[in-house]
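One structure is given here, and the rest of the page talks about it.
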Amino acid sequence: MSTEQPTENHIRLGVFFQGVNSNTVWKTPEAGSQTDFESFRRLAQTAERGLFSAFFLGEGLRLREHLGAVHDLDVVGRPDAQTMLAALAAVTSNIGLVATQNTTYNDPADLAHRLASLDLLSGGRAAWNIVTTDNAWTGANFRRGGYLDHQDRYTHAEAFVETAKAIWDSWGSEDIAATGRQASWLKPGAATPIEHQGAHYTIDYTSRLPRSAQSRPVLFQAGDSDEGRDFAARQADVIFSAHTGLQAATDFRADITARTLKAGRAASAVKIMPGAEFILAETPQAAEEKRRWVKEQQIGPQQALAYLEQFWGESLEGIDPEGPLPSFDPKISESDVTRGSGFQGAKPVELTREWRETATAQGLNILEFVRAKSGRSDGTFAGSYTQVADRLEQFAARGLVDGFNVTPWLIPNGLDDIVNHLVPELQERGIYPTEYSGSTLRENLGLDAVEPATAKHHSDTTIIEVGA
Ligand SMILES: Cc1cc2nc3c(=O)[nH]c(=O)nc-3n(C[C@H](O)[C@H](O)[C@H](O)COP(=O)(O)O)c2cc1C
């Protein structure tokens with residue numbers, strides 16, 4: 001283990017394997033399977049070669065739908081996250097293994113047990129990316145329908161996470177007899193029972209597992225509403241954010257710092273890692289050419305129309321993708337939040353009128369407009385290795401983020417450029433780790449150790465009252 005501590009201005013990297021998504025370029029001979037273990041192994045091992053902190057798996061509990069049918073333009077492949085990460089634990093040694101898992105449709109004791117199992121089996125490398133998806137459409141998969149009102153998601157999530165933390169905390173570090181020579185394997189009074197009686201569930205549970213090398217899984221959070229941010233400020237070790245541009249990251253950091261301090265935690269207790277796409281080449285010209293090609297692959301005529309249809313709320317079949325935006329207003333006044341659209345709260349009528357004006361003023365047809373819209377996104381780092389390293393140096397110097405979660409546009413070789421060229425350049429500049437700082441994810445993210453639960457330990461039942 002290295003004694004080198006990561007400095008505050010280090011950029012760390014994670015890789016986010018999205019599963020169902022429209023960003024992965026798959027109509028190219030280089031694209032590999034989204035379900036073969038080989039793809040995941042290749043990606044995780046490349047990331048580890050590049051000293052990435054974490055390998056993330058997204059979660060979607062139902063296929064995205066579009067106008068009442070499965071959205072067949074998305075790339076699909078999403079084996080169960082914890083099954084996949086357990087397999088990856090066996091072929092990697094250092095990289096963190098982050099499972100996105102929903103609080104709404106899981107059960108706390110069961111999920112806490114499975115995450116603790118992954119943490120133990122991986123030697124303290126597990127993390128939980130907490131998400132709260134609540135839509136009726138996903139709920140139907142679980143015979144629960146809507147299940148939760150939108151505003152209850154985070155109250156429910158808080159009780160869920162507090163219960164999981166109490167479960168992980170309920171065994172002391174030395175509860176198991178070290179040898180078989182003692183009379184009993186579990187020390188008297190160890191394994192404190194956990195009780196939670198709340199609005200959504202009642203639990204009386206005794207953990208079946210000792211603590212892991214990092215005490216408990218690292219907690220990530222992804223969700224951007226006010227409630228989501230407050231929840232993260234109280235509970236998360238790391239936020240997986242969507243704010244990648246310099247200004248957006250500055251504002252987000254300030255906002256989270258204020259919320260974290262208000263929650264009574266040190267500002268440094270919550271790390272921030274926005275999602276980002278990297279399109280790299282040797283020269284600026286080659287990178288620009290590649291960026292354009294990637295964008296064309298990601299957004300073809302069908303994707304461009306489907307994008308608009310989400311807002312227009314009806315089929316735009318027959319409309320020429322190389323013609324102007326539809327001249328009529330959308331059918332619905334709100335985008336359909338229950339079908340996996342990422343545009344919750346957007347007002348399609350106002351928005352589409354604005355788009356029409358912009359497209360006309362700039363002389364853009366539908367295809368060009370949709371490509372330009374996503375092409376301007378803050379979330380893409382495109383350029384030569386030096387250009388992108390320069391940009392990342394700005395983030396590092398200002399301490400705006402603790403790292404980025406790379407969403408590769410190609411599976412499984414989409415990290416090769418980063419690992420072979422960008423990482424060495426960042427290391428030379430002293431803003432990227434040159435080795436893993438420790439064996440656990442907590443150490444590699446520069447997070448404080450979780451205190452052993454000696455005070456609470458050997459007491460009677462621990463009662464969780466949050467969200468009761
Ligand atoms: C960067 C990012 C990644 C996310 N990844 C997932 C995911 O893999 N699976 C999922 O169900 N939700 C995911 N979410 C959605 C959130 O869990 C949440 O349901 C959504 O953002 C709405 O919550 P909010 O109202 O707090 O923003 C992600 C959100 C963000 C910002």
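We label chains A, B, ... in the order they appear in the structure tokens, count residues from 1 in each chain, and number ligands from 1 in the order shown.
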Can you build me a table of chain A residues sitting at most 8 Å from ligand 1, with the closest atom pair per residue and its distance in Å to one decimal, using only C-alpha atoms and all ligand atoms, sorted by chain and residue number, as CSV?
residue,atom,partner,partner_atom_place_in_ligand_line,distance
A:Gln18,CA,ligand 1,8 (O),6.5
A:Leu57,CA,ligand 1,8 (O),7.0
A:Gly58,CA,ligand 1,8 (O),3.4
A:Glu59,CA,ligand 1,9 (N),4.2
A:Gly60,CA,ligand 1,11 (O),5.0
A:Leu61,CA,ligand 1,11 (O),7.1
A:Thr100,CA,ligand 1,8 (O),5.7
A:Gln101,CA,ligand 1,9 (N),7.3
A:Asn102,CA,ligand 1,11 (O),6.3
A:Ile130,CA,ligand 1,17 (O),6.8
A:Val131,CA,ligand 1,17 (O),3.4
A:Thr132,CA,ligand 1,19 (O),4.7
A:Thr133,CA,ligand 1,19 (O),3.9
A:Asp134,CA,ligand 1,19 (O),7.1
A:Gln221,CA,ligand 1,17 (O),7.6
A:Ala222,CA,ligand 1,30 (C),4.4
A:Gly223,CA,ligand 1,21 (O),3.6
A:Asp224,CA,ligand 1,27 (O),3.6
A:Ser225,CA,ligand 1,26 (O),3.9
A:Asp226,CA,ligand 1,26 (O),6.9
A:Glu227,CA,ligand 1,26 (O),6.2
A:Gly228,CA,ligand 1,26 (O),4.0
A:Arg229,CA,ligand 1,26 (O),7.0
A:Phe240,CA,ligand 1,1 (C),5.2
A:Ser241,CA,ligand 1,1 (C),4.6
A:Ala242,CA,ligand 1,1 (C),4.6
A:Pro274,CA,ligand 1,1 (C),6.6
A:Gly275,CA,ligand 1,1 (C),5.8
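Residues within 6 Å of range 353-368 of chain A, counting only C-alpha atoms and excluding same-chain residues fewer than 4 positions away, are A:Ala304, A:Pro321, A:Glu322, A:Gly323, A:Pro324, A:Leu325, A:Ala372.
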Close residues, range 37-39 of chain A itself excluded, 12 Å, only C-alpha atoms, min 2 positions apart in chain, as a PDB file with C-alpha atoms, in the first residue's frame:
ATOM      1  CA  PHE A  17     -21.633   1.489 -17.876  1.00  0.00           C
ATOM      2  CA  GLY A  19     -26.789  -0.420 -19.960  1.00  0.00           C
ATOM      3  CA  GLU A  30     -15.635  -2.180 -33.181  1.00  0.00           C
ATOM      4  CA  ALA A  31     -18.731  -2.278 -30.968  1.00  0.00           C
ATOM      5  CA  GLY A  32     -18.935  -5.301 -28.687  1.00  0.00           C
ATOM      6  CA  SER A  33     -21.760  -7.044 -26.907  1.00  0.00           C
ATOM      7  CA  GLN A  34     -23.575  -5.229 -24.124  1.00  0.00           C
ATOM      8  CA  THR A  35     -24.303  -8.482 -22.301  1.00  0.00           C
ATOM      9  CA  ARG A  41     -14.201  -7.636 -17.995  1.00  0.00           C
ATOM     10  CA  ARG A  42     -12.339  -5.768 -20.739  1.00  0.00           C
ATOM     11  CA  LEU A  43     -13.763  -2.417 -19.672  1.00  0.00           C
ATOM     12  CA  ALA A  44     -13.142  -2.936 -15.936  1.00  0.00           C
ATOM     13  CA  GLN A  45      -9.604  -4.203 -16.427  1.00  0.00           C
ATOM     14  CA  THR A  46      -8.749  -1.299 -18.741  1.00  0.00           C
ATOM     15  CA  GLY A  77     -27.962  -4.762 -22.084  1.00  0.00           C
ATOM     16  CA  ARG A  78     -28.213  -4.645 -18.366  1.00  0.00           C
ATOM     17  CA  PRO A  79     -27.392  -7.778 -16.419  1.00  0.00           C
ATOM     18  CA  ASP A  80     -28.179  -7.413 -12.721  1.00  0.00           C
ATOM     19  CA  THR A  83     -24.314 -10.248 -10.024  1.00  0.00           C
ATOM     20  CA  MET A  84     -22.095  -8.541 -12.578  1.00  0.00           C
ATOM     21  CA  LEU A  85     -19.999  -6.726  -9.968  1.00  0.00           C
ATOM     22  CA  ALA A  86     -19.464  -9.927  -7.984  1.00  0.00           C
ATOM     23  CA  ALA A  87     -18.057 -11.521 -11.127  1.00  0.00           C
ATOM     24  CA  LEU A  88     -15.877  -8.461 -11.778  1.00  0.00           C
ATOM     25  CA  VAL A  91     -11.012 -10.456 -12.109  1.00  0.00           C
ATOM     26  CA  LEU A 410     -17.948   2.681 -27.386  1.00  0.00           C
ATOM     27  CA  ILE A 411     -18.036  -0.655 -25.563  1.00  0.00           C
ATOM     28  CA  PRO A 412     -15.680  -2.309 -24.673  1.00  0.00           C
ATOM     29  CA  ASN A 413     -12.704  -0.331 -26.025  1.00  0.00           C
ATOM     30  CA  GLY A 414     -14.014   3.143 -25.253  1.00  0.00           C
ATOM     31  CA  LEU A 415     -11.548   3.780 -22.431  1.00  0.00           C
TER      32      LEU A 415
END
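With distances restricted to only C-alpha atoms, A:Ile167 is the closest residue to Ala191 in chain A from A:Ala140, A:Ile167, A:Ile256, A:Ala213.
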**Report entry** Residue with smallest distance to Trp171 in chain A - pool A:His156, A:Arg398, A:His150, A:Arg208, counting only C-alpha atoms
**Finding:** A:Arg208
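Separating CA of Phe16 in chain A from CA of Phe220 in chain A is a distance of 12.7 Å.
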**Report entry** Residues near range 279-284 of chain A, cut-off 9 Å, only C-alpha atoms, skip fewer than 3 positions along chain, as a PyMOL selection string
**Finding:** chain A and resi 287-291+294+380-388+408-409+417-418+421-422
Requested in this report: Could you tell me, as an NGL selection string, which residues of range 179-323 of chain A DSSP assigns to alpha helix (DSSP H) when given the backbone?
Outcome: :A and (226-235 or 246-262 or 284-298 or 301-312)
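Take the candidates A:Gln298, A:Thr155, A:Gln82, A:Thr440 and check each one against Leu111 in chain A using only C-alpha atoms; the shortest distance goes to A:Gln82.
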Requested in this report: From range 121-198 of chain A, collect each residue whose DSSP state is strand (DSSP E or B) and return the set as a list of chain:residue names.
Outcome: A:Ala126, A:Ala127, A:Trp128, A:Asn129, A:Ile130, A:Val131, A:Ile176, A:Leu186, A:Ile194, A:Glu195, A:His196, A:Gln197
